[in-house]
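Text of input.cif, listed as mmCIF, C-alpha atoms and all ligand atoms:
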data_protein
#
loop_
_atom_site.label_atom_id
_atom_site.label_comp_id
_atom_site.auth_asym_id
_atom_site.auth_seq_id
_atom_site.Cartn_x
_atom_site.Cartn_y
_atom_site.Cartn_z
CA MET A 1 0.00 0.00 0.00
CA SER A 2 1.12 3.56 -0.66
CA GLU A 3 2.27 5.46 2.41
CA VAL A 4 3.35 8.87 3.69
CA HIS A 5 5.45 9.40 6.81
CA LYS A 6 6.23 12.63 8.64
CA PHE A 7 9.23 13.04 10.92
CA LEU A 8 11.18 15.71 12.73
CA PHE A 9 14.50 16.11 14.49
CA GLU A 10 14.14 16.78 18.19
CA GLY A 11 15.36 20.22 19.15
CA LEU A 12 16.28 21.16 15.57
CA PRO A 13 14.45 23.40 13.07
CA VAL A 14 14.29 20.61 10.51
CA ARG A 15 11.43 18.35 9.45
CA GLY A 16 10.95 15.71 6.82
CA LEU A 17 8.54 13.63 4.77
CA LEU A 18 8.95 10.24 3.19
CA VAL A 19 6.55 9.04 0.49
CA LYS A 20 6.36 5.60 -1.03
CA LEU A 21 3.79 5.05 -3.78
CA THR A 22 3.13 1.50 -4.92
CA ASP A 23 -0.46 0.56 -5.87
CA CYS A 24 -1.47 4.03 -7.10
CA TRP A 25 1.69 4.44 -9.17
CA GLN A 26 1.33 0.96 -10.68
CA GLU A 27 -2.27 1.89 -11.56
CA VAL A 28 -1.07 4.97 -13.51
CA LEU A 29 1.30 2.80 -15.56
CA LYS A 30 -1.18 -0.06 -15.99
CA ARG A 31 -3.87 2.20 -17.42
CA ARG A 32 -1.44 3.78 -19.86
CA ALA A 33 -0.11 0.41 -20.99
CA ALA A 34 -3.72 -0.71 -21.62
CA ASN A 35 -4.36 2.24 -23.94
CA LYS A 36 -4.29 0.73 -27.44
CA ASP A 37 -3.68 4.10 -29.10
CA THR A 38 -0.59 5.06 -27.13
CA GLY A 39 0.86 1.92 -25.54
CA ALA A 40 3.14 2.14 -22.49
CA TYR A 41 5.39 5.14 -21.80
CA PRO A 42 9.08 4.87 -22.76
CA PRO A 43 11.23 3.88 -19.73
CA GLU A 44 12.71 7.37 -19.34
CA VAL A 45 9.25 8.96 -19.27
CA ARG A 46 8.12 6.41 -16.67
CA ALA A 47 11.14 7.33 -14.54
CA LEU A 48 10.46 11.07 -14.76
CA LEU A 49 6.67 10.82 -14.32
CA GLY A 50 7.20 8.59 -11.27
CA GLU A 51 9.51 11.17 -9.70
CA MET A 52 6.98 13.91 -10.48
CA THR A 53 4.21 11.87 -8.86
CA ALA A 54 6.22 11.27 -5.69
CA ALA A 55 7.20 14.96 -5.60
CA ALA A 56 3.59 16.16 -6.01
CA VAL A 57 2.47 13.98 -3.08
CA LEU A 58 5.36 15.32 -0.97
CA MET A 59 4.44 18.93 -1.81
CA GLN A 60 0.72 18.45 -1.18
CA THR A 61 1.42 16.75 2.17
CA ASN A 62 3.89 19.49 3.07
CA ILE A 63 1.54 22.44 2.47
CA LYS A 64 -1.83 20.68 3.10
CA PHE A 65 -3.58 22.67 0.39
CA ASN A 66 -7.40 22.51 0.29
CA GLY A 67 -7.67 21.83 -3.41
CA ALA A 68 -5.64 20.31 -6.21
CA LEU A 69 -1.88 20.62 -6.40
CA VAL A 70 -0.95 20.23 -10.07
CA LEU A 71 2.63 19.66 -11.12
CA GLN A 72 3.21 20.10 -14.86
CA ILE A 73 6.07 19.95 -17.30
CA PHE A 74 5.79 21.78 -20.60
CA GLY A 75 8.62 20.25 -22.61
CA ASP A 76 10.37 21.47 -25.74
CA GLY A 77 11.47 17.89 -26.63
CA PRO A 78 9.66 14.59 -27.23
CA LEU A 79 7.91 14.78 -23.85
CA LYS A 80 5.51 17.63 -24.63
CA LEU A 81 3.46 17.56 -21.47
CA ALA A 82 3.45 15.73 -18.16
CA VAL A 83 0.78 16.34 -15.54
CA VAL A 84 0.34 15.07 -11.98
CA GLU A 85 -2.66 16.16 -9.94
CA VAL A 86 -2.90 15.47 -6.20
CA GLN A 87 -6.01 16.36 -4.18
CA ALA A 88 -6.09 17.25 -0.48
CA ASP A 89 -7.02 13.65 0.42
CA LEU A 90 -3.98 12.49 -1.61
CA SER A 91 -6.05 10.94 -4.37
CA LEU A 92 -4.00 11.40 -7.52
CA ARG A 93 -3.81 10.96 -11.27
CA ALA A 94 -1.03 11.48 -13.81
CA THR A 95 -0.50 11.52 -17.55
CA ALA A 96 2.09 12.44 -20.16
CA LYS A 97 2.10 13.22 -23.86
CA VAL A 98 5.05 11.91 -25.85
CA VAL A 99 5.69 12.71 -29.51
CA GLY A 100 8.69 11.03 -31.15
CA GLU A 101 11.98 10.10 -29.55
CA PRO A 102 14.93 12.08 -28.21
CA ASN A 103 17.86 12.86 -30.45
CA LEU A 104 20.61 11.28 -28.35
CA THR A 105 23.43 12.36 -30.64
CA VAL A 106 23.31 15.79 -28.97
CA ALA A 107 26.28 16.08 -26.61
CA HIS A 108 25.45 16.77 -22.98
CA SER A 109 27.08 19.62 -21.16
CA VAL A 110 26.93 17.63 -17.95
CA ASP A 111 27.45 13.94 -17.43
CA PRO A 112 25.47 12.77 -14.43
CA ASP A 113 25.53 9.19 -13.20
CA PRO A 114 23.28 7.40 -15.72
CA GLN A 115 22.49 4.62 -13.23
CA ALA A 116 20.95 7.04 -10.81
CA LEU A 117 18.95 8.81 -13.46
CA GLY A 118 17.14 6.88 -16.16
CA TYR A 119 16.47 10.13 -18.02
CA GLN A 120 18.09 13.46 -18.72
CA LEU A 121 15.85 16.50 -18.77
CA SER A 122 17.82 17.93 -21.72
CA ASP A 123 16.92 14.85 -23.83
CA TRP A 124 13.21 14.84 -23.13
CA VAL A 125 11.87 18.22 -22.01
CA ASN A 126 14.65 20.79 -22.26
CA VAL A 127 16.31 20.31 -25.63
CA ARG A 128 16.58 24.06 -26.37
CA ASN A 129 16.55 25.25 -22.74
CA GLN A 130 12.91 26.31 -23.21
CA GLY A 131 11.17 23.63 -21.14
CA LYS A 132 9.24 24.74 -18.06
CA CYS A 133 7.85 23.28 -14.90
CA ALA A 134 4.66 24.75 -13.42
CA ILE A 135 3.20 24.26 -9.95
CA THR A 136 -0.47 25.19 -9.69
CA LEU A 137 -2.63 25.38 -6.56
CA ASP A 138 -6.26 25.16 -7.61
CA PRO A 139 -8.54 25.87 -4.62
CA LYS A 140 -11.46 23.52 -3.99
CA ASP A 141 -13.79 26.23 -2.70
CA PRO A 142 -12.54 29.46 -4.30
CA PHE A 143 -13.90 32.73 -3.01
CA PRO A 144 -15.46 34.95 -5.71
CA GLY A 145 -12.83 36.05 -8.18
CA GLN A 146 -10.08 33.86 -6.72
CA GLN A 147 -7.74 32.50 -9.38
CA PRO A 148 -5.52 29.44 -9.03
CA TYR A 149 -1.97 30.29 -7.91
CA GLN A 150 0.75 29.29 -10.35
CA GLY A 151 4.54 29.33 -10.09
CA VAL A 152 6.79 28.55 -13.04
CA VAL A 153 10.47 27.50 -13.09
CA PRO A 154 12.80 26.76 -16.00
CA PHE A 155 15.15 23.78 -16.27
CA PHE A 156 18.28 25.86 -15.88
CA ASP A 157 20.03 27.40 -12.90
CA ASP A 158 20.74 31.06 -12.13
CA LEU A 159 23.74 30.94 -14.47
CA GLY A 160 21.75 29.44 -17.35
CA ALA A 161 23.28 25.94 -17.07
CA PRO A 162 20.78 23.13 -17.75
CA ILE A 163 19.54 21.12 -14.76
CA GLU A 164 19.29 17.39 -15.49
CA ARG A 165 17.54 16.06 -12.40
CA PHE A 166 13.96 16.91 -11.62
CA GLN A 167 14.57 17.05 -7.85
CA GLU A 168 17.00 19.94 -8.36
CA VAL A 169 14.43 21.86 -10.40
CA LEU A 170 11.98 21.63 -7.50
CA GLU A 171 14.61 22.49 -4.88
CA HIS A 172 15.28 25.63 -6.87
CA TYR A 173 11.56 26.40 -7.02
CA MET A 174 10.93 25.83 -3.32
CA LEU A 175 13.87 27.94 -2.27
CA GLN A 176 12.48 30.81 -4.36
CA SER A 177 8.81 30.41 -3.48
CA GLU A 178 8.94 29.44 0.19
CA GLN A 179 12.28 31.01 1.09
CA LEU A 180 13.11 27.80 2.91
CA ASP A 181 15.99 25.42 2.31
CA THR A 182 14.61 22.18 0.93
CA THR A 183 16.35 18.97 -0.03
CA LEU A 184 14.61 16.40 -2.21
CA VAL A 185 15.59 12.88 -3.15
CA LEU A 186 13.33 11.26 -5.77
CA ALA A 187 13.40 7.88 -7.49
CA SER A 188 11.04 5.61 -9.33
CA ASN A 189 10.82 2.30 -11.14
CA ASP A 190 7.82 0.42 -12.51
CA ASP A 191 6.71 -0.75 -9.04
CA VAL A 192 7.53 2.15 -6.74
CA ALA A 193 7.68 5.95 -6.94
CA ALA A 194 9.30 7.39 -3.83
CA GLY A 195 10.58 10.63 -2.41
CA LEU A 196 12.28 12.10 0.64
CA LEU A 197 11.87 15.77 1.55
CA ILE A 198 13.92 17.57 4.19
CA GLN A 199 13.01 21.15 4.98
CA ARG A 200 14.36 23.80 7.30
CA LEU A 201 11.70 25.37 9.45
CA PRO A 202 11.75 29.08 10.11
CA SER A 203 13.53 29.31 13.45
CA LEU A 204 11.21 32.09 14.60
CA GLY A 205 7.50 31.80 15.18
CA MET A 206 4.92 29.06 14.93
CA GLY A 207 6.79 26.93 12.47
CA ASN A 208 9.49 25.93 14.91
CA LEU A 209 8.04 22.60 16.03
CA GLY A 210 11.38 21.40 17.30
CA GLY A 211 11.46 24.08 20.00
CA GLY A 212 15.16 24.71 19.43
CA LYS A 213 17.09 27.81 20.26
CA VAL A 214 15.77 30.90 18.56
CA LEU A 215 18.47 32.86 16.83
CA GLN A 216 17.56 35.49 14.31
CA ASP A 217 20.58 34.83 12.12
CA GLU A 218 19.58 31.20 11.80
CA ASP A 219 16.50 32.24 9.94
CA GLN A 220 18.46 32.71 6.76
CA ILE A 221 18.79 30.55 3.70
CA GLY A 222 21.80 28.28 3.58
CA LEU A 223 23.11 29.19 7.04
CA ASN A 224 21.60 26.58 9.30
CA GLU A 225 24.26 24.01 10.21
CA ASP A 226 21.74 21.44 11.45
CA PHE A 227 19.85 21.57 8.16
CA LYS A 228 23.07 21.35 6.16
CA ARG A 229 24.24 18.28 8.08
CA ILE A 230 20.88 16.48 7.76
CA SER A 231 20.61 17.48 4.09
CA ILE A 232 24.04 15.97 3.35
CA LEU A 233 22.97 12.74 5.05
CA ALA A 234 19.73 12.70 3.03
CA LYS A 235 21.65 13.11 -0.23
CA THR A 236 23.60 9.90 0.47
CA LEU A 237 20.40 7.91 -0.04
CA THR A 238 20.69 5.87 -3.25
CA PRO A 239 17.70 5.25 -5.56
CA ALA A 240 17.94 1.51 -4.77
CA GLU A 241 17.69 2.23 -1.02
CA LEU A 242 14.84 4.71 -1.39
CA LEU A 243 12.86 2.28 -3.58
CA GLY A 244 13.76 -0.98 -1.86
CA LEU A 245 13.95 -0.33 1.88
CA ALA A 246 11.01 0.01 4.27
CA PRO A 247 10.47 3.63 5.43
CA ASP A 248 11.75 2.90 8.96
CA GLU A 249 14.90 1.36 7.52
CA VAL A 250 15.49 4.41 5.30
CA LEU A 251 15.22 6.77 8.27
CA HIS A 252 17.44 4.58 10.45
CA ARG A 253 20.10 4.17 7.77
CA LEU A 254 20.32 7.92 7.16
CA PHE A 255 19.70 9.43 10.56
CA TRP A 256 20.73 6.87 13.19
CA GLU A 257 23.05 9.43 14.78
CA GLU A 258 20.32 12.11 14.85
CA ARG A 259 17.31 12.35 17.13
CA CYS A 260 14.89 11.62 14.30
CA VAL A 261 11.32 11.02 15.48
CA LYS A 262 8.58 9.71 13.22
CA LEU A 263 5.25 11.46 13.84
CA GLU A 264 2.35 9.09 14.41
CA PRO A 265 -1.05 10.05 12.97
CA THR A 266 -3.41 11.91 15.31
CA VAL A 267 -7.08 12.91 15.24
CA ASP A 268 -6.08 16.35 13.93
CA ALA A 269 -3.59 14.93 11.46
CA PRO A 270 -4.87 11.49 10.43
CA ALA A 271 -2.83 9.22 8.19
CA LEU A 272 -3.66 9.77 4.54
CA SER A 273 -3.03 7.06 2.04
CA PRO A 274 -2.29 8.14 -1.54
CA ARG A 275 -4.59 6.40 -4.03
CA PHE A 276 -5.40 6.56 -7.71
CA ALA A 277 -8.63 8.37 -8.61
CA CYS A 278 -9.77 10.18 -11.76
CA SER A 279 -12.25 13.05 -11.68
CA CYS A 280 -13.39 12.73 -15.29
CA SER A 281 -17.13 12.31 -15.90
CA LYS A 282 -19.72 12.14 -18.66
CA GLU A 283 -20.93 15.57 -17.58
CA ARG A 284 -17.53 17.19 -18.07
CA VAL A 285 -16.99 15.54 -21.44
CA SER A 286 -20.47 16.67 -22.53
CA ARG A 287 -19.62 20.24 -21.57
CA MET A 288 -16.41 19.99 -23.57
CA ILE A 289 -18.32 18.81 -26.66
CA GLN A 290 -20.85 21.60 -26.18
CA GLY A 291 -17.84 23.93 -26.13
CA LEU A 292 -16.79 22.64 -29.57
CA GLY A 293 -20.09 23.87 -30.99
CA GLU A 294 -22.86 22.07 -32.83
CA GLU A 295 -21.32 22.44 -36.28
CA GLU A 296 -18.01 20.87 -35.27
CA ALA A 297 -19.77 18.06 -33.38
CA ASN A 298 -21.99 17.30 -36.37
CA SER A 299 -19.03 17.20 -38.74
CA ILE A 300 -17.28 14.62 -36.51
CA ILE A 301 -20.48 12.53 -36.42
CA ALA A 302 -20.80 12.78 -40.21
CA GLU A 303 -17.23 11.57 -40.64
CA ARG A 304 -17.02 8.82 -38.00
CA ASN A 305 -20.62 8.06 -37.00
CA GLU A 306 -19.77 8.91 -33.39
CA ILE A 307 -17.75 11.20 -31.16
CA GLU A 308 -15.27 9.26 -29.08
CA VAL A 309 -13.42 10.97 -26.23
CA GLY A 310 -10.81 9.13 -24.18
CA CYS A 311 -9.65 10.37 -20.77
CA GLU A 312 -5.88 10.93 -20.86
CA PHE A 313 -5.58 10.15 -17.15
CA CYS A 314 -7.60 6.96 -16.62
CA GLY A 315 -8.21 5.75 -20.16
CA ARG A 316 -12.00 5.71 -19.84
CA GLN A 317 -13.76 6.08 -23.21
CA TYR A 318 -16.83 8.24 -23.68
CA HIS A 319 -19.00 7.64 -26.76
CA TYR A 320 -21.65 9.87 -28.33
CA ASP A 321 -23.72 8.77 -31.31
CA ALA A 322 -25.80 11.12 -33.47
CA VAL A 323 -28.75 11.01 -31.05
CA ASP A 324 -26.54 11.69 -27.98
CA ALA A 325 -24.85 14.58 -29.75
CA ALA A 326 -28.13 16.10 -30.90
CA ALA A 327 -29.38 15.92 -27.30
CA LEU A 328 -26.35 17.92 -26.09
CA PHE A 329 -27.33 20.83 -28.29
CA ALA A 330 -31.09 20.46 -27.96
CA THR A 331 -31.39 20.92 -24.20
CA SER A 332 -31.91 24.66 -24.45
CA LEU A 333 -34.73 24.10 -26.94
CA VAL A 334 -36.76 21.67 -24.83
CA LEU A 335 -40.34 22.94 -24.70
CA PRO A 336 -42.60 22.55 -21.72
CA ARG A 337 -44.46 19.27 -22.05
CA PRO A 338 -48.07 19.90 -23.15
CA ALA A 339 -50.76 18.67 -20.80
CA GLU A 340 -52.27 15.31 -21.75
CA PRO A 341 -55.79 15.61 -23.12
CA ASP A 342 -57.27 13.37 -20.42
CA GLN A 343 -55.87 15.66 -17.72
CA MET A 344 -57.58 18.69 -19.17
CA HIS A 345 -60.55 20.06 -17.42
ZN ZN B 1 -10.49 9.83 -16.30
#

Here is a file; write its structure as structure tokens.
Amino acid sequence: MSEVHKFLFEGLPVRGLLVKLTDCWQEVLKRRAANKDTGAYPPEVRALLGEMTAAAVLMQTNIKFNGALVLQIFGDGPLKLAVVEVQADLSLRATAKVVGEPNLTVAHSVDPDPQALGYQLSDWVNVRNQGKCAITLDPKDPFPGQQPYQGVVPFFDDLGAPIERFQEVLEHYMLQSEQLDTTLVLASNDDVAAGLLIQRLPSLGMGNLGGGKVLQDEDQIGLNEDFKRISILAKTLTPAELLGLAPDEVLHRLFWEERCVKLEPTVDAPALSPRFACSCSKERVSRMIQGLGEEEANSIIAERNEIEVGCEFCGRQYHYDAVDAAALFATSLVLPRPAEPDQMH
């Protein structure tokens, strides 16, 4: 079963999350593989989408947003689009659009450990340094006029050098958006998508759960020695360990010399279990077809005898024949039903 664990370091302004997705991640891959039009994702896309899925669950758990957290990649290479959506209850769905294959004859400016990677962002989504990653917070109950919040980051660092690992893209984003040091370790294979997040808490104010000493100069990016030490330990975690070991073993292996305490679920903070769920529905698809307009809908019917719409996330197929389609555009013309003669007085 998929699981999320929270932990902190006693007396230190550092907290962490560990996410291990199994059944829900396998469901994402299974549904894609069952799609006769697309077939399964290439291995590199599976690796990246798995890391994105683990990261989106980590971020949603970390900020507890009442709505959907949507992590997207808009690629300038063969991976055109990748989307992971995680709701407040940690139900999730994910999809990606792949067109063609990477041109691997292009020389890489960096040469990261291929074993640890499985993909390079510059092959798949950042061929011309124009790929982007977007993080959207879409509120469940927006107040009037409230728009979703969106942050966008490129796949290059402050000096313009390409970033090859997705976890570094998000570290960059979180440092900018939350002004908090964050360390991420992500990994995925076809059975497990997993992630570890370590974050420095502001040493002043409510956020300091550890109750450590309050020093104003600690509340600055990159200066906290406790965070730096724990971050270095976290970065020693290998993909094989993150994917293969039980969560307790991961925490023990990394932090056995630290006072790392796993937080047990409480009434106020119950354990949430990530699961696969798709929010598509006949109603939404009908609205989309209405949005196409009657003329366009009729021309598709004339050509193919039906309108067929497949959900990119779950693979469900929605079918509309000529009668169904006509009904979509006739609803506004429905006349009040005349009274039956025998009911007349
Ligand atoms: Zn669906």

Using all atoms listed in the file, I'd like a table of the residues in chain A that come within 6 Å of ligand ZN 1 (chain B); for each, show the closest atom pair and its distance in Å rounded to one decimal, ordered by chain and ascending number, as a Markdown table.
| residue | atom | partner | partner_atom | distance |
| --- | --- | --- | --- | --- |
| A:Cys278 | CA | B:ZN1 | ZN | 4.6 |
| A:Ser279 | CA | B:ZN1 | ZN | 5.9 |
| A:Cys280 | CA | B:ZN1 | ZN | 4.2 |
| A:Cys311 | CA | B:ZN1 | ZN | 4.6 |
| A:Phe313 | CA | B:ZN1 | ZN | 5.0 |
| A:Cys314 | CA | B:ZN1 | ZN | 4.1 |
| A:Arg316 | CA | B:ZN1 | ZN | 5.6 |

Sort by chain and increasing residue number a table of all residues of segment 56-155 of chain A within 12 Å of segment 47-50 of chain A, each with its closest pair of atoms and their distance in Å to one decimal, counting all atoms listed in the file, and write it as a Markdown table.
| residue | atom | partner | partner_atom | distance |
| --- | --- | --- | --- | --- |
| A:Ala56 | CA | A:Gly50 | CA | 9.9 |
| A:Val57 | CA | A:Gly50 | CA | 10.9 |
| A:Leu71 | CA | A:Leu49 | CA | 10.2 |
| A:Gln72 | CA | A:Leu49 | CA | 9.9 |
| A:Ile73 | CA | A:Leu49 | CA | 9.6 |
| A:Leu79 | CA | A:Leu48 | CA | 10.1 |
| A:Leu81 | CA | A:Leu49 | CA | 10.3 |
| A:Ala82 | CA | A:Leu49 | CA | 7.0 |
| A:Val83 | CA | A:Leu49 | CA | 8.2 |
| A:Val84 | CA | A:Leu49 | CA | 8.0 |
| A:Glu85 | CA | A:Leu49 | CA | 11.6 |
| A:Arg93 | CA | A:Leu49 | CA | 10.9 |
| A:Ala94 | CA | A:Leu49 | CA | 7.7 |
| A:Thr95 | CA | A:Leu49 | CA | 7.9 |
| A:Ala96 | CA | A:Leu49 | CA | 7.6 |
| A:Lys97 | CA | A:Leu49 | CA | 10.8 |
| A:Val98 | CA | A:Leu49 | CA | 11.7 |
| A:Gln115 | CA | A:Ala47 | CA | 11.7 |
| A:Ala116 | CA | A:Ala47 | CA | 10.5 |
| A:Leu117 | CA | A:Ala47 | CA | 8.0 |
| A:Gly118 | CA | A:Ala47 | CA | 6.2 |
| A:Tyr119 | CA | A:Leu48 | CA | 6.9 |
| A:Gln120 | CA | A:Leu48 | CA | 8.9 |
| A:Leu121 | CA | A:Leu48 | CA | 8.6 |
| A:Asp123 | CA | A:Leu48 | CA | 11.8 |
| A:Trp124 | CA | A:Leu48 | CA | 9.6 |
| A:Val125 | CA | A:Leu48 | CA | 10.3 |

Show me, as CSV, the residues of segment 6-118 of chain A having an atom within 12 Å of segment 242-257 of chain A, each with the closest atom pair and its distance in Å, using only C-alpha atoms.
residue,atom,partner,partner_atom,distance
A:Lys6,CA,A:Pro247,CA,10.5
A:Phe7,CA,A:Leu251,CA,9.1
A:Leu8,CA,A:Leu251,CA,10.8
A:Phe9,CA,A:Phe255,CA,9.3
A:Glu10,CA,A:Phe255,CA,12.0
A:Gly16,CA,A:Leu251,CA,10.0
A:Leu17,CA,A:Leu251,CA,10.2
A:Leu18,CA,A:Pro247,CA,7.1
A:Val19,CA,A:Pro247,CA,8.3
A:Lys20,CA,A:Leu243,CA,7.7
A:Leu21,CA,A:Leu243,CA,9.5
A:Thr22,CA,A:Leu243,CA,9.9
A:Gly50,CA,A:Leu243,CA,11.4
A:Glu51,CA,A:Leu243,CA,11.3
A:Ala54,CA,A:Leu243,CA,11.4
A:Ala116,CA,A:Leu242,CA,11.5

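Separating atom CA of Pro142 of chain A from atom CA of Ser91 of chain A is a distance of 19.6 Å.
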
(message) Please compute the atom CA of Ile221 of chain A-atom CA of Leu197 of chain A distance, one decimal, in Å.
(response) 16.5 Å

For Pro154 of chain A: contacts at 9 Å, only C-alpha atoms, fewer than 3 positions along chain excluded, given as a compact mmCIF listing (two decimals) with C-alpha atoms, in the frame of the given file:
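Listed below is the output, out34.txt:
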# COMPACT_ATOMS: atom_id res chain seq x y z
CA ASN A 126 14.65 20.79 -22.26
CA ASN A 129 16.55 25.25 -22.74
CA GLN A 130 12.91 26.31 -23.21
CA GLY A 131 11.17 23.63 -21.14
CA LYS A 132 9.24 24.74 -18.06
CA CYS A 133 7.85 23.28 -14.90
CA ALA A 134 4.66 24.75 -13.42
CA ASP A 157 20.03 27.40 -12.90
CA PRO A 162 20.78 23.13 -17.75
CA ILE A 163 19.54 21.12 -14.76
CA VAL A 169 14.43 21.86 -10.40

(message) Can you tell me which residues surround segment 266-273 of chain A at a distance of at most 12 Å, considering all atoms listed in the file, apart from same-chain residues fewer than 6 positions away, and format the answer as number ranges by chain?
(response) A: 1-6, 19-24, 57-58, 60-61, 64, 86-92

With the input short on atoms, add N, CA and C atoms back to segment 252-265 of chain A and write it as a tab-separated table (two decimals), in the frame of the given file.
chain	number	residue	atom	x	y	z
A	252	HIS	N	16.38	5.06	9.56
A	252	HIS	CA	17.44	4.58	10.45
A	252	HIS	C	18.80	4.64	9.76
A	253	ARG	N	18.83	4.18	8.50
A	253	ARG	CA	20.10	4.17	7.77
A	253	ARG	C	20.68	5.58	7.63
A	254	LEU	N	19.82	6.54	7.37
A	254	LEU	CA	20.32	7.92	7.16
A	254	LEU	C	20.61	8.65	8.46
A	255	PHE	N	19.70	8.50	9.42
A	255	PHE	CA	19.70	9.43	10.56
A	255	PHE	C	19.91	8.75	11.90
A	256	TRP	N	20.61	7.60	11.93
A	256	TRP	CA	20.73	6.87	13.19
A	256	TRP	C	21.52	7.64	14.25
A	257	GLU	N	22.31	8.62	13.80
A	257	GLU	CA	23.05	9.43	14.78
A	257	GLU	C	22.30	10.69	15.18
A	258	GLU	N	21.12	10.91	14.54
A	258	GLU	CA	20.32	12.11	14.85
A	258	GLU	C	19.13	11.69	15.71
A	259	ARG	N	18.51	12.68	16.35
A	259	ARG	CA	17.31	12.35	17.13
A	259	ARG	C	16.08	12.52	16.23
A	260	CYS	N	15.97	11.59	15.28
A	260	CYS	CA	14.89	11.62	14.30
A	260	CYS	C	13.67	10.90	14.87
A	261	VAL	N	12.54	11.59	14.90
A	261	VAL	CA	11.32	11.02	15.48
A	261	VAL	C	10.22	10.99	14.43
A	262	LYS	N	9.69	9.82	14.17
A	262	LYS	CA	8.58	9.71	13.22
A	262	LYS	C	7.30	10.14	13.91
A	263	LEU	N	6.49	10.97	13.25
A	263	LEU	CA	5.25	11.46	13.84
A	263	LEU	C	4.13	10.47	13.55
A	264	GLU	N	3.47	10.01	14.60
A	264	GLU	CA	2.35	9.09	14.41
A	264	GLU	C	1.10	9.91	14.08
A	265	PRO	N	0.18	9.33	13.30
A	265	PRO	CA	-1.05	10.05	12.97
A	265	PRO	C	-1.86	10.37	14.22
